[in-house]
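Engineer: First, the structure itself, so that you have it in front of you.
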Amino acid sequence: MEALLCKKIGDPTVVPPTSSDDSSPLTLSTSHPIPQLNSPTAIRVRVKATSLNYLNYLQILGKYQEKPPLPFIPGSDYSGLVESVGPGVSKFRVGDPVCSVAALGSFAQFIVADESELFRVPDGCDLVAAGALAVAYGTSHVALVHRAQLTSGQVLLVLGAAGGVGVSAVQIGKLCGAIVIAVARGAEKVQFLESLGVDHVVDSTKGSVTESVKGFLKARKLKGVDVLYDPVGGKLTKETMKLLSWGAKILVIGFASGEIPVIPANIALVKNWTIHGLYWGSYKIHKPAVLEDSLKELLSWLTRGLITIHISHTYSLPEANLAFSALKDRKVIGKVMITFDDGSSARSKL
């Protein structure tokens with residue numbers, strides 16, 4: 001089968017990942033062994049689409065908190081069709097559309113998972129879109145619904161709002177009835193976020209983010225931000241903490257800026273802030289039922305059109321370096337995907 005192997009730590013955007021180029025951390029194998037069923041309840045899935053997340057990029061760079069032994073096949077959330085089932089499988093049949101998330105391995109034509117880890121993609125739900133659901137939308141759903149318990153009328157501030165998790169946070173925030181403020185870079189991203197019905201969008205390349213938000217809050221007679229959703233970190237976190245109301249909740253999602261912010265404990269004490277660290281992947285170990293309920297609700301929302309997956313770039317597996325480049329260079333609005341079986345070249349849907 002076709003699979004993308006990470007054989008060493010390095011930048012996946014440097015050169016095309018071909019077996020003849022030793023300068024890339026990635027190698028495209030066209031004859032990798034097809035994974036075999038390893039238990040009675042195992043299922044082999046023919047992958048249709050797999051999503052690129054920032055964690056995949058960091059993992060290949062060697063900068064993610066989980067460092068798998070080399071070599072490994074990267075990849076996390078995916079969708080596809082059931083290709084083979086073990087004798088103990090009762091929930092799925094060959095040909096069923098499914099989606100899931102794996103610790104590794106989705107950047108390949110086939111992947112094996114236990115039936116307990118798979119979710120059936122409902123009729124009428126786009127299979128490629130389902131492959132982008134688990135990590136980004138799962139992160140935002142657990143963060144906003146389970147941890148922050150966001151309610152109607154609260155003010156939600158989303159940093160990095162045009163990225164994968166940012167777009168998902170904006171949509172889930174609106175679905176919860178929150179007043180959503182979004183921060184993004186550039187006119188194109190601002191325009192896209194406005195099309196989602198965001199209450200106030202701030203272009204961080206133009207003027208002060210805090211002054212723009214303060215002006216909106218004053219005009220709407222709002223006291224401050226109730227929930228800060230932060231996948232960016234760095235100076236922007238420090239700046240926007242000035243906007244938080246008494247009793248606010250801070251959701252620490254990631255550090256796309258490359259800088260880990262310092263949240264002063266004395267201010268958190270005086271203002272009664274609650275700080276939530278959200279490492280979505282660890283829920284699979286510690287609270288798998290929360291993830292299962294979350295993904296079931298997200299699939300229901302997706303099928304009913306309550307949320308939409310915006311895929312701005314789609315690539316084939318041999319073009320993975322271009323996909324990582326789009327992610328690294330912040331060209332992506334929403335999600336970037338690798339798809340199989342359509343023979344398409346790299347393209348943008350913007």
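Residues in the structure tokens are named by chain (A, B, ... in the order shown) and by number from 1 within that chain; ligands are numbered from 1 in the order shown.
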So which residues of stretch 27-104 of chain A fall under helix (DSSP H, G or I) by DSSP, listed as a PyMOL selection string?
Structural biologist: chain A and resi 54-61
Engineer: Excluding A:His141 and any residue of its chain fewer than 3 positions from it, enumerate the residues within 8 Å of it, using only C-alpha atoms, and give them as a list in words.
Structural biologist: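 Residues near the query, excluding close chain neighbours: Tyr137, Gly138, Leu144, Val145, His146, Ala169, Ile172, Ser294 and Leu298 of chain A.
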Engineer: Just write the chosen residues, C-alpha atoms, as a compact mmCIF listing (two decimals), in the first residue's frame.
Structural biologist:
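Result saved to again.txt:
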# COMPACT_ATOMS: atom_id res chain seq x y z
CA TYR A 137 -13.97 19.91 16.35
CA GLY A 138 -13.50 17.36 19.12
CA LEU A 144 -16.26 24.72 25.25
CA VAL A 145 -19.12 22.35 26.13
CA HIS A 146 -17.55 19.97 28.64
CA ALA A 169 -14.57 26.99 18.19
CA ILE A 172 -19.60 25.69 18.34
CA SER A 294 -18.59 14.33 22.00
CA LEU A 298 -20.56 16.37 16.46
Engineer: One decimal, Å: what's the distance from atom CA of A:His310 over to atom CA of A:Thr151, could you say?
Structural biologist: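 Spanning atom CA of A:His310 to atom CA of A:Thr151 is a straight-line distance of 24.5 Å.
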Engineer: Tell me, as a tab-separated table (two decimals) with all heavy atoms, in the first residue's frame, which residues lie within 12 Å of stretch 22-38 of chain A, counting only C-alpha atoms; anything in the same chain fewer than 3 positions away does not count.
Structural biologist:
chain	number	residue	atom	x	y	z
A	1	MET	N	0.84	-1.20	0.00
A	1	MET	CA	0.00	0.00	0.00
A	1	MET	C	0.88	1.25	0.00
A	1	MET	O	2.08	1.20	0.27
A	1	MET	CB	-0.91	0.01	1.23
A	1	MET	CG	-0.19	0.26	2.55
A	1	MET	SD	-1.32	0.50	3.94
A	1	MET	CE	-0.16	0.80	5.27
A	2	GLU	N	0.25	2.37	-0.30
A	2	GLU	CA	0.94	3.66	-0.24
A	2	GLU	C	0.88	4.20	1.18
A	2	GLU	O	-0.17	4.19	1.82
A	2	GLU	CB	0.25	4.63	-1.20
A	2	GLU	CG	1.06	5.87	-1.52
A	2	GLU	CD	0.38	6.72	-2.59
A	2	GLU	OE1	-0.71	7.25	-2.31
A	2	GLU	OE2	0.93	6.85	-3.69
A	3	ALA	N	2.04	4.63	1.70
A	3	ALA	CA	2.10	5.15	3.06
A	3	ALA	C	3.21	6.18	3.16
A	3	ALA	O	4.21	6.10	2.43
A	3	ALA	CB	2.32	4.03	4.06
A	4	LEU	N	3.03	7.12	4.07
A	4	LEU	CA	4.04	8.14	4.31
A	4	LEU	C	4.77	7.81	5.61
A	4	LEU	O	4.14	7.74	6.66
A	4	LEU	CB	3.38	9.52	4.41
A	4	LEU	CG	4.30	10.74	4.25
A	4	LEU	CD1	4.84	10.81	2.83
A	4	LEU	CD2	3.52	12.02	4.57
A	5	LEU	N	6.07	7.59	5.52
A	5	LEU	CA	6.87	7.21	6.69
A	5	LEU	C	7.72	8.36	7.15
A	5	LEU	O	8.37	9.05	6.34
A	5	LEU	CB	7.78	6.03	6.34
A	5	LEU	CG	7.11	4.72	5.92
A	5	LEU	CD1	8.16	3.72	5.49
A	5	LEU	CD2	6.29	4.16	7.06
A	6	CYS	N	7.74	8.59	8.46
A	6	CYS	CA	8.68	9.53	9.06
A	6	CYS	C	9.86	8.71	9.58
A	6	CYS	O	9.72	7.95	10.53
A	6	CYS	CB	8.02	10.31	10.19
A	6	CYS	SG	9.14	11.47	11.02
A	7	LYS	N	11.02	8.86	8.93
A	7	LYS	CA	12.19	8.06	9.29
A	7	LYS	C	13.19	8.82	10.15
A	7	LYS	O	14.10	8.22	10.71
A	7	LYS	CB	12.87	7.55	8.02
A	7	LYS	CG	12.02	6.53	7.27
A	7	LYS	CD	12.81	5.85	6.15
A	7	LYS	CE	12.03	4.71	5.54
A	7	LYS	NZ	12.79	4.01	4.48
A	8	LYS	N	13.04	10.13	10.20
A	8	LYS	CA	13.90	10.94	11.06
A	8	LYS	C	13.17	12.23	11.38
A	8	LYS	O	12.20	12.61	10.72
A	8	LYS	CB	15.24	11.22	10.40
A	8	LYS	CG	15.16	12.04	9.11
A	8	LYS	CD	16.54	12.27	8.51
A	8	LYS	CE	16.46	13.11	7.25
A	8	LYS	NZ	17.80	13.34	6.65
A	9	ILE	N	13.65	12.92	12.41
A	9	ILE	CA	13.06	14.18	12.82
A	9	ILE	C	13.53	15.29	11.88
A	9	ILE	O	14.70	15.36	11.52
A	9	ILE	CB	13.46	14.52	14.27
A	9	ILE	CG1	12.90	13.45	15.23
A	9	ILE	CG2	12.97	15.89	14.68
A	9	ILE	CD1	11.41	13.26	15.14
A	10	GLY	N	12.59	16.15	11.48
A	10	GLY	CA	12.96	17.24	10.59
A	10	GLY	C	11.73	17.99	10.10
A	10	GLY	O	10.60	17.71	10.51
A	11	ASP	N	11.96	18.94	9.20
A	11	ASP	CA	10.91	19.79	8.67
A	11	ASP	C	10.24	19.10	7.49
A	11	ASP	O	10.87	18.89	6.45
A	11	ASP	CB	11.50	21.13	8.24
A	11	ASP	CG	10.44	22.14	7.83
A	11	ASP	OD1	9.27	21.74	7.64
A	11	ASP	OD2	10.77	23.33	7.70
A	12	PRO	N	8.95	18.76	7.59
A	12	PRO	CA	8.28	18.04	6.51
A	12	PRO	C	7.97	18.90	5.29
A	12	PRO	O	7.49	18.39	4.28
A	12	PRO	CB	6.98	17.56	7.17
A	12	PRO	CG	6.72	18.56	8.23
A	12	PRO	CD	8.07	18.96	8.76
A	13	THR	N	8.27	20.20	5.35
A	13	THR	CA	7.99	21.08	4.21
A	13	THR	C	9.19	21.26	3.29
A	13	THR	O	9.06	21.85	2.22
A	13	THR	CB	7.55	22.47	4.71
A	13	THR	OG1	8.69	23.16	5.26
A	13	THR	CG2	6.48	22.37	5.76
A	14	VAL	N	10.37	20.77	3.67
A	14	VAL	CA	11.61	21.13	2.97
A	14	VAL	C	11.64	20.63	1.54
A	14	VAL	O	11.86	21.39	0.61
A	14	VAL	CB	12.83	20.62	3.75
A	14	VAL	CG1	14.11	20.86	2.96
A	14	VAL	CG2	12.94	21.30	5.11
A	15	VAL	N	11.44	19.35	1.33
A	15	VAL	CA	11.51	18.77	-0.01
A	15	VAL	C	10.38	17.76	-0.17
A	15	VAL	O	9.85	17.26	0.81
A	15	VAL	CB	12.87	18.07	-0.25
A	15	VAL	CG1	14.01	19.06	-0.28
A	15	VAL	CG2	13.11	17.00	0.78
A	16	PRO	N	10.04	17.44	-1.40
A	16	PRO	CA	9.01	16.41	-1.60
A	16	PRO	C	9.42	15.10	-0.95
A	16	PRO	O	10.58	14.68	-1.05
A	16	PRO	CB	8.94	16.28	-3.13
A	16	PRO	CG	9.44	17.59	-3.65
A	16	PRO	CD	10.48	18.04	-2.66
A	17	PRO	N	8.47	14.43	-0.27
A	17	PRO	CA	8.79	13.20	0.44
A	17	PRO	C	8.88	12.00	-0.49
A	17	PRO	O	7.95	11.22	-0.64
A	17	PRO	CB	7.61	13.06	1.40
A	17	PRO	CG	6.48	13.73	0.70
A	17	PRO	CD	7.08	14.84	-0.10
A	18	THR	N	10.01	11.83	-1.17
A	18	THR	CA	10.21	10.69	-2.05
A	18	THR	C	11.31	9.81	-1.49
A	18	THR	O	12.20	10.27	-0.77
A	18	THR	CB	10.61	11.15	-3.46
A	18	THR	OG1	11.83	11.88	-3.39
A	18	THR	CG2	9.54	12.05	-4.06
A	19	SER	N	11.26	8.53	-1.83
A	19	SER	CA	12.21	7.57	-1.27
A	19	SER	C	13.64	7.83	-1.69
A	19	SER	O	14.57	7.36	-1.08
A	19	SER	CB	11.80	6.15	-1.68
A	19	SER	OG	11.74	6.05	-3.09
A	41	THR	N	-11.97	-8.40	17.08
A	41	THR	CA	-12.83	-7.22	16.88
A	41	THR	C	-12.13	-6.11	16.09
A	41	THR	O	-12.58	-4.98	16.08
A	41	THR	CB	-13.29	-6.66	18.24
A	41	THR	OG1	-12.14	-6.39	19.06
A	41	THR	CG2	-14.20	-7.63	18.95
A	42	ALA	N	-11.04	-6.46	15.41
A	42	ALA	CA	-10.31	-5.48	14.61
A	42	ALA	C	-11.00	-5.27	13.27
A	42	ALA	O	-11.65	-6.17	12.72
A	42	ALA	CB	-8.87	-5.94	14.39
A	43	ILE	N	-10.83	-4.07	12.75
A	43	ILE	CA	-11.40	-3.69	11.45
A	43	ILE	C	-10.33	-2.98	10.64
A	43	ILE	O	-9.63	-2.10	11.16
A	43	ILE	CB	-12.62	-2.75	11.64
A	43	ILE	CG1	-13.77	-3.50	12.31
A	43	ILE	CG2	-13.06	-2.15	10.31
A	43	ILE	CD1	-14.97	-2.63	12.60
A	44	ARG	N	-10.20	-3.37	9.38
A	44	ARG	CA	-9.30	-2.64	8.48
A	44	ARG	C	-10.13	-1.66	7.65
A	44	ARG	O	-11.12	-2.03	7.04
A	44	ARG	CB	-8.53	-3.59	7.57
A	44	ARG	CG	-7.51	-2.86	6.69
A	44	ARG	CD	-6.48	-3.78	6.07
A	44	ARG	NE	-7.08	-4.82	5.25
A	44	ARG	CZ	-6.86	-6.14	5.43
A	44	ARG	NH1	-6.04	-6.55	6.40
A	44	ARG	NH2	-7.43	-7.02	4.66
A	45	VAL	N	-9.67	-0.41	7.65
A	45	VAL	CA	-10.37	0.66	6.95
A	45	VAL	C	-9.54	1.12	5.76
A	45	VAL	O	-8.32	1.35	5.89
A	45	VAL	CB	-10.63	1.86	7.89
A	45	VAL	CG1	-11.29	3.01	7.14
A	45	VAL	CG2	-11.48	1.43	9.08
A	46	ARG	N	-10.16	1.23	4.61
A	46	ARG	CA	-9.52	1.88	3.46
A	46	ARG	C	-9.73	3.38	3.61
A	46	ARG	O	-10.86	3.88	3.56
A	46	ARG	CB	-10.13	1.39	2.15
A	46	ARG	CG	-9.54	2.09	0.90
A	46	ARG	CD	-10.19	1.63	-0.38
A	46	ARG	NE	-9.74	0.29	-0.74
A	46	ARG	CZ	-8.65	0.04	-1.46
A	46	ARG	NH1	-7.90	1.05	-1.91
A	46	ARG	NH2	-8.32	-1.19	-1.76
A	57	TYR	N	2.40	18.20	12.42
A	57	TYR	CA	3.57	18.98	12.02
A	57	TYR	C	4.60	19.01	13.14
A	57	TYR	O	5.80	18.74	12.92
A	57	TYR	CB	3.11	20.40	11.65
A	57	TYR	CG	4.23	21.38	11.35
A	57	TYR	CD1	5.06	21.20	10.25
A	57	TYR	CD2	4.44	22.48	12.17
A	57	TYR	CE1	6.08	22.10	9.98
A	57	TYR	CE2	5.45	23.38	11.91
A	57	TYR	CZ	6.27	23.19	10.80
A	57	TYR	OH	7.27	24.07	10.54
A	59	GLN	N	4.91	16.90	15.59
A	59	GLN	CA	5.41	15.56	15.86
A	59	GLN	C	6.57	15.20	14.94
A	59	GLN	O	7.57	14.62	15.38
A	59	GLN	CB	4.27	14.56	15.69
A	59	GLN	CG	4.44	13.27	16.46
A	59	GLN	CD	3.15	12.51	16.57
A	59	GLN	OE1	2.42	12.34	15.60
A	59	GLN	NE2	2.84	12.01	17.76
A	60	ILE	N	6.47	15.56	13.66
A	60	ILE	CA	7.55	15.27	12.72
A	60	ILE	C	8.77	16.14	13.02
A	60	ILE	O	9.91	15.72	12.83
A	60	ILE	CB	7.06	15.47	11.27
A	60	ILE	CG1	5.95	14.45	10.96
A	60	ILE	CG2	8.20	15.31	10.26
A	60	ILE	CD1	5.20	14.70	9.68
A	61	LEU	N	8.53	17.33	13.54
A	61	LEU	CA	9.63	18.21	13.95
A	61	LEU	C	10.29	17.73	15.24
A	61	LEU	O	11.36	18.21	15.61
A	61	LEU	CB	9.12	19.64	14.16
A	61	LEU	CG	8.81	20.48	12.93
A	61	LEU	CD1	8.17	21.80	13.36
A	61	LEU	CD2	10.08	20.76	12.11
A	62	GLY	N	9.63	16.82	15.95
A	62	GLY	CA	10.14	16.36	17.24
A	62	GLY	C	9.81	17.29	18.38
A	62	GLY	O	10.44	17.23	19.44
A	70	LEU	N	11.00	6.03	15.96
A	70	LEU	CA	11.15	6.02	14.51
A	70	LEU	C	11.37	4.60	14.01
A	70	LEU	O	11.98	3.78	14.71
A	70	LEU	CB	12.32	6.91	14.11
A	70	LEU	CG	12.19	8.40	14.46
A	70	LEU	CD1	13.53	9.10	14.30
A	70	LEU	CD2	11.14	9.07	13.59
A	71	PRO	N	10.95	4.30	12.78
A	71	PRO	CA	10.09	5.11	11.91
A	71	PRO	C	8.62	4.97	12.31
A	71	PRO	O	8.24	4.01	12.96
A	71	PRO	CB	10.34	4.51	10.53
A	71	PRO	CG	10.61	3.07	10.82
A	71	PRO	CD	11.33	3.02	12.14
A	72	PHE	N	7.80	5.93	11.90
A	72	PHE	CA	6.37	5.84	12.15
A	72	PHE	C	5.60	6.47	11.00
A	72	PHE	O	6.13	7.27	10.24
A	72	PHE	CB	6.00	6.50	13.48
A	72	PHE	CG	6.22	7.99	13.53
A	72	PHE	CD1	5.23	8.88	13.15
A	72	PHE	CD2	7.44	8.51	14.00
A	72	PHE	CE1	5.43	10.26	13.21
A	72	PHE	CE2	7.64	9.89	14.06
A	72	PHE	CZ	6.63	10.77	13.66
A	73	ILE	N	4.34	6.06	10.89
A	73	ILE	CA	3.43	6.68	9.92
A	73	ILE	C	2.65	7.75	10.66
A	73	ILE	O	1.92	7.44	11.61
A	73	ILE	CB	2.47	5.64	9.32
A	73	ILE	CG1	3.25	4.56	8.57
A	73	ILE	CG2	1.48	6.32	8.37
A	73	ILE	CD1	2.38	3.43	8.05
A	74	PRO	N	2.79	9.03	10.29
A	74	PRO	CA	2.04	10.09	10.98
A	74	PRO	C	0.54	9.97	10.70
A	74	PRO	O	0.08	9.14	9.90
A	74	PRO	CB	2.62	11.38	10.38
A	74	PRO	CG	3.85	10.97	9.65
A	74	PRO	CD	3.65	9.56	9.23
A	83	GLU	N	-13.04	-2.19	5.06
A	83	GLU	CA	-12.52	-3.08	4.01
A	83	GLU	C	-12.51	-4.54	4.45
A	83	GLU	O	-12.68	-5.45	3.64
A	83	GLU	CB	-11.11	-2.62	3.62
A	83	GLU	CG	-10.57	-3.20	2.34
A	83	GLU	CD	-9.69	-4.43	2.60
A	83	GLU	OE1	-9.30	-4.66	3.76
A	83	GLU	OE2	-9.40	-5.15	1.62
A	84	SER	N	-12.31	-4.77	5.76
A	84	SER	CA	-12.26	-6.13	6.27
A	84	SER	C	-12.58	-6.10	7.76
A	84	SER	O	-12.25	-5.13	8.45
A	84	SER	CB	-10.87	-6.73	6.04
A	84	SER	OG	-10.79	-8.05	6.52
A	85	VAL	N	-13.25	-7.15	8.26
A	85	VAL	CA	-13.64	-7.20	9.66
A	85	VAL	C	-13.20	-8.51	10.29
A	85	VAL	O	-13.15	-9.56	9.63
A	85	VAL	CB	-15.17	-7.01	9.84
A	85	VAL	CG1	-15.62	-5.68	9.29
A	85	VAL	CG2	-15.93	-8.15	9.18
A	86	GLY	N	-12.89	-8.47	11.58
A	86	GLY	CA	-12.56	-9.67	12.34
A	86	GLY	C	-13.80	-10.47	12.65
A	86	GLY	O	-14.93	-9.95	12.57
A	87	PRO	N	-13.64	-11.72	13.06
A	87	PRO	CA	-14.80	-12.60	13.31
A	87	PRO	C	-15.67	-12.17	14.48
A	87	PRO	O	-16.83	-12.57	14.57
A	87	PRO	CB	-14.15	-13.96	13.60
A	87	PRO	CG	-12.74	-13.64	14.04
A	87	PRO	CD	-12.35	-12.43	13.27
A	88	GLY	N	-15.14	-11.32	15.37
A	88	GLY	CA	-15.91	-10.88	16.52
A	88	GLY	C	-16.60	-9.54	16.34
A	88	GLY	O	-17.24	-9.04	17.26
A	89	VAL	N	-16.48	-8.95	15.16
A	89	VAL	CA	-17.07	-7.63	14.91
A	89	VAL	C	-18.58	-7.77	14.75
A	89	VAL	O	-19.07	-8.63	13.99
A	89	VAL	CB	-16.45	-6.99	13.64
A	89	VAL	CG1	-17.22	-5.74	13.24
A	89	VAL	CG2	-14.99	-6.66	13.89
A	105	GLY	N	-0.69	6.77	12.16
A	105	GLY	CA	-0.96	5.81	11.12
A	105	GLY	C	-1.95	6.13	10.04
A	105	GLY	O	-2.14	5.33	9.12
A	106	SER	N	-2.61	7.30	10.06
A	106	SER	CA	-3.65	7.55	9.06
A	106	SER	C	-3.12	8.08	7.73
A	106	SER	O	-3.88	8.18	6.77
A	106	SER	CB	-4.70	8.52	9.62
A	106	SER	OG	-4.16	9.81	9.82
A	107	PHE	N	-1.83	8.41	7.66
A	107	PHE	CA	-1.26	8.85	6.38
A	107	PHE	C	-0.87	7.62	5.55
A	107	PHE	O	0.28	7.43	5.15
A	107	PHE	CB	-0.05	9.75	6.60
A	107	PHE	CG	-0.37	11.12	7.15
A	107	PHE	CD1	-1.67	11.46	7.53
A	107	PHE	CD2	0.62	12.07	7.31
A	107	PHE	CE1	-1.96	12.71	8.04
A	107	PHE	CE2	0.34	13.33	7.82
A	107	PHE	CZ	-0.95	13.66	8.19
A	108	ALA	N	-1.86	6.79	5.31
A	108	ALA	CA	-1.66	5.55	4.57
A	108	ALA	C	-2.99	5.11	3.98
A	108	ALA	O	-4.05	5.57	4.40
A	108	ALA	CB	-1.12	4.46	5.50
A	109	GLN	N	-2.93	4.22	2.99
A	109	GLN	CA	-4.15	3.78	2.32
A	109	GLN	C	-5.03	2.91	3.22
A	109	GLN	O	-6.25	2.87	3.03
A	109	GLN	CB	-3.79	3.01	1.05
A	109	GLN	CG	-3.34	3.90	-0.10
A	109	GLN	CD	-3.05	3.09	-1.35
A	109	GLN	OE1	-2.21	2.20	-1.34
A	109	GLN	NE2	-3.76	3.39	-2.43
A	110	PHE	N	-4.42	2.21	4.17
A	110	PHE	CA	-5.19	1.35	5.06
A	110	PHE	C	-4.75	1.58	6.50
A	110	PHE	O	-3.59	1.89	6.77
A	110	PHE	CB	-5.00	-0.13	4.72
A	110	PHE	CG	-5.54	-0.53	3.38
A	110	PHE	CD1	-4.71	-0.58	2.27
A	110	PHE	CD2	-6.88	-0.86	3.23
A	110	PHE	CE1	-5.20	-0.95	1.03
A	110	PHE	CE2	-7.38	-1.23	1.98
A	110	PHE	CZ	-6.54	-1.27	0.88
A	111	ILE	N	-5.69	1.40	7.42
A	111	ILE	CA	-5.39	1.48	8.84
A	111	ILE	C	-6.28	0.49	9.57
A	111	ILE	O	-7.42	0.23	9.13
A	111	ILE	CB	-5.59	2.92	9.38
A	111	ILE	CG1	-5.06	3.06	10.81
A	111	ILE	CG2	-7.05	3.36	9.29
A	111	ILE	CD1	-5.00	4.51	11.30
A	112	VAL	N	-5.79	-0.09	10.64
A	112	VAL	CA	-6.55	-1.05	11.43
A	112	VAL	C	-6.91	-0.43	12.78
A	112	VAL	O	-6.08	0.20	13.43
A	112	VAL	CB	-5.75	-2.36	11.64
A	112	VAL	CG1	-6.43	-3.25	12.68
A	112	VAL	CG2	-5.61	-3.11	10.33
A	113	ALA	N	-8.17	-0.61	13.17
A	113	ALA	CA	-8.65	-0.10	14.46
A	113	ALA	C	-9.63	-1.10	15.05
A	113	ALA	O	-10.24	-1.90	14.33
A	113	ALA	CB	-9.33	1.26	14.27
A	114	ASP	N	-9.79	-1.06	16.35
A	114	ASP	CA	-10.81	-1.88	17.00
A	114	ASP	C	-12.18	-1.28	16.72
A	114	ASP	O	-12.31	-0.05	16.57
A	114	ASP	CB	-10.57	-1.95	18.50
A	114	ASP	CG	-11.47	-2.97	19.17
A	114	ASP	OD1	-11.12	-4.17	19.14
A	114	ASP	OD2	-12.53	-2.58	19.70
A	115	GLU	N	-13.19	-2.11	16.64
A	115	GLU	CA	-14.52	-1.60	16.32
A	115	GLU	C	-15.02	-0.58	17.35
A	115	GLU	O	-15.82	0.29	17.03
A	115	GLU	CB	-15.52	-2.73	16.16
A	115	GLU	CG	-15.94	-3.44	17.43
A	115	GLU	CD	-17.14	-4.37	17.22
A	115	GLU	OE1	-17.91	-4.14	16.26
A	115	GLU	OE2	-17.28	-5.31	18.01
A	316	SER	N	-2.94	15.13	-2.46
A	316	SER	CA	-2.73	13.68	-2.46
A	316	SER	C	-1.55	13.37	-1.55
A	316	SER	O	-0.79	14.26	-1.16
A	316	SER	CB	-2.45	13.19	-3.88
A	316	SER	OG	-1.23	13.73	-4.36
A	317	LEU	N	-1.36	12.10	-1.22
A	317	LEU	CA	-0.29	11.73	-0.29
A	317	LEU	C	1.10	12.11	-0.78
A	317	LEU	O	1.91	12.59	0.01
A	317	LEU	CB	-0.37	10.23	0.01
A	317	LEU	CG	0.46	9.75	1.21
A	317	LEU	CD1	-0.01	10.41	2.50
A	317	LEU	CD2	0.38	8.23	1.35
A	318	PRO	N	1.42	11.95	-2.10
A	318	PRO	CA	2.75	12.38	-2.55
A	318	PRO	C	3.00	13.89	-2.42
A	318	PRO	O	4.14	14.34	-2.50
A	318	PRO	CB	2.78	11.95	-4.03
A	318	PRO	CG	1.78	10.84	-4.12
A	318	PRO	CD	0.70	11.22	-3.15
A	319	GLU	N	1.93	14.65	-2.23
A	319	GLU	CA	2.05	16.11	-2.09
A	319	GLU	C	2.00	16.55	-0.63
A	319	GLU	O	1.73	17.71	-0.33
A	319	GLU	CB	0.92	16.79	-2.86
A	319	GLU	CG	0.94	16.48	-4.35
A	319	GLU	CD	-0.37	16.81	-5.03
A	319	GLU	OE1	-1.43	16.68	-4.39
A	319	GLU	OE2	-0.33	17.19	-6.22
A	320	ALA	N	2.31	15.63	0.27
A	320	ALA	CA	2.18	15.93	1.70
A	320	ALA	C	3.04	17.12	2.12
A	320	ALA	O	2.64	17.90	2.99
A	320	ALA	CB	2.55	14.71	2.53
A	321	ASN	N	4.22	17.28	1.52
A	321	ASN	CA	5.06	18.41	1.89
A	321	ASN	C	4.37	19.75	1.59
A	321	ASN	O	4.53	20.72	2.33
A	321	ASN	CB	6.41	18.34	1.18
A	321	ASN	CG	6.31	18.61	-0.30
A	321	ASN	OD1	5.65	17.86	-1.01
A	321	ASN	ND2	6.95	19.67	-0.76
A	324	PHE	N	1.83	20.35	4.35
A	324	PHE	CA	2.47	20.86	5.56
A	324	PHE	C	2.93	22.31	5.37
A	324	PHE	O	2.89	23.11	6.31
A	324	PHE	CB	3.65	19.97	5.95
A	324	PHE	CG	3.25	18.73	6.69
A	324	PHE	CD1	3.39	17.48	6.09
A	324	PHE	CD2	2.73	18.79	7.97
A	324	PHE	CE1	3.02	16.33	6.77
A	324	PHE	CE2	2.35	17.65	8.65
A	324	PHE	CZ	2.49	16.41	8.04
Engineer: Rounded to one decimal place, report the atom CA of A:Gly197-atom CA of A:Ser152 distance in Å.
Structural biologist: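 Separation of atom CA of A:Gly197 and atom CA of A:Ser152: 15.2 Å.
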Engineer: Quick one: of A:Leu244, A:Ile253, A:Lys328, A:Leu236, who's nearest to A:Gly281, counting only C-alpha atoms?
Structural biologist: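 For A:Gly281, the nearest of the given residues is A:Ile253.
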Engineer: Of the residues A:Ala326, A:Leu81, A:Ala184, A:Val170, which is the one nearest to A:Ser100, using only C-alpha atoms?
Structural biologist: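 Once distances to A:Ser100 are computed over only C-alpha atoms, the minimum belongs to A:Leu81.
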Engineer: Please, what distance in Å, to one decimal, runs between atom CA of A:Tyr78 and atom CA of A:Ser140?
Structural biologist: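 One can read the atom CA of A:Tyr78 to atom CA of A:Ser140 distance as 17.5 Å.
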Engineer: Mind running stretch 24-85 of chain A against stretch 267-280 of chain A at 12 Å and telling me each contacting residue's nearest atom pair with the distance in Å (one decimal), counting only C-alpha atoms, chain and number ascending, as JSON lines?
Structural biologist:
{"residue": "A:Leu55", "atom": "CA", "partner": "A:Tyr279", "partner_atom": "CA", "distance": 11.0}
{"residue": "A:Tyr64", "atom": "CA", "partner": "A:Tyr279", "partner_atom": "CA", "distance": 11.7}
{"residue": "A:Gln65", "atom": "CA", "partner": "A:Tyr279", "partner_atom": "CA", "distance": 10.1}
{"residue": "A:Glu66", "atom": "CA", "partner": "A:Tyr279", "partner_atom": "CA", "distance": 11.4}
Engineer: Write a file of the selected residues as a PDB file, in the first residue's frame, keeping N, CA and C atoms.
Structural biologist:
ATOM      1  N   LEU A  55      -0.550  19.332  15.374  1.00  0.00           N
ATOM      2  CA  LEU A  55       0.181  18.330  16.153  1.00  0.00           C
ATOM      3  C   LEU A  55       0.984  17.394  15.254  1.00  0.00           C
ATOM      4  N   TYR A  64       6.524  17.781  19.611  1.00  0.00           N
ATOM      5  CA  TYR A  64       5.257  17.479  20.253  1.00  0.00           C
ATOM      6  C   TYR A  64       5.512  16.730  21.547  1.00  0.00           C
ATOM      7  N   GLN A  65       4.526  16.775  22.482  1.00  0.00           N
ATOM      8  CA  GLN A  65       4.735  16.145  23.787  1.00  0.00           C
ATOM      9  C   GLN A  65       4.852  14.627  23.702  1.00  0.00           C
ATOM     10  N   GLU A  66       4.223  14.030  22.700  1.00  0.00           N
ATOM     11  CA  GLU A  66       4.351  12.595  22.486  1.00  0.00           C
ATOM     12  C   GLU A  66       5.319  12.344  21.332  1.00  0.00           C
TER      13      GLU A  66
END
Engineer: Within stretch 110-223 of chain A, find each residue whose DSSP state, derived from the backbone, is strand (DSSP E), and express the selection as a list in words.
Structural biologist: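 Everything in stretch 110-223 of chain A that counts as strand (DSSP E) is Phe110, Ile111, Val112, Ala113, Asp114, Phe119, Arg120, Val155, Leu156, Leu157, Val158, Ile179, Val180, Ile181, Ala182, Val183, Ala184, His200, Val201, Val202 and Asp203 of chain A.
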Engineer: I'd like the neighbourhood of A:Val128 as JSON, numbers by chain, where a residue qualifies if any of its atoms comes within 10 Å (using only C-alpha atoms), though same-chain residues fewer than 3 positions away should be ignored.
Structural biologist: {"A": [47, 48, 49, 50, 51, 78, 79, 80, 99, 125, 131, 132, 133, 309, 311, 337, 338, 339, 340]}
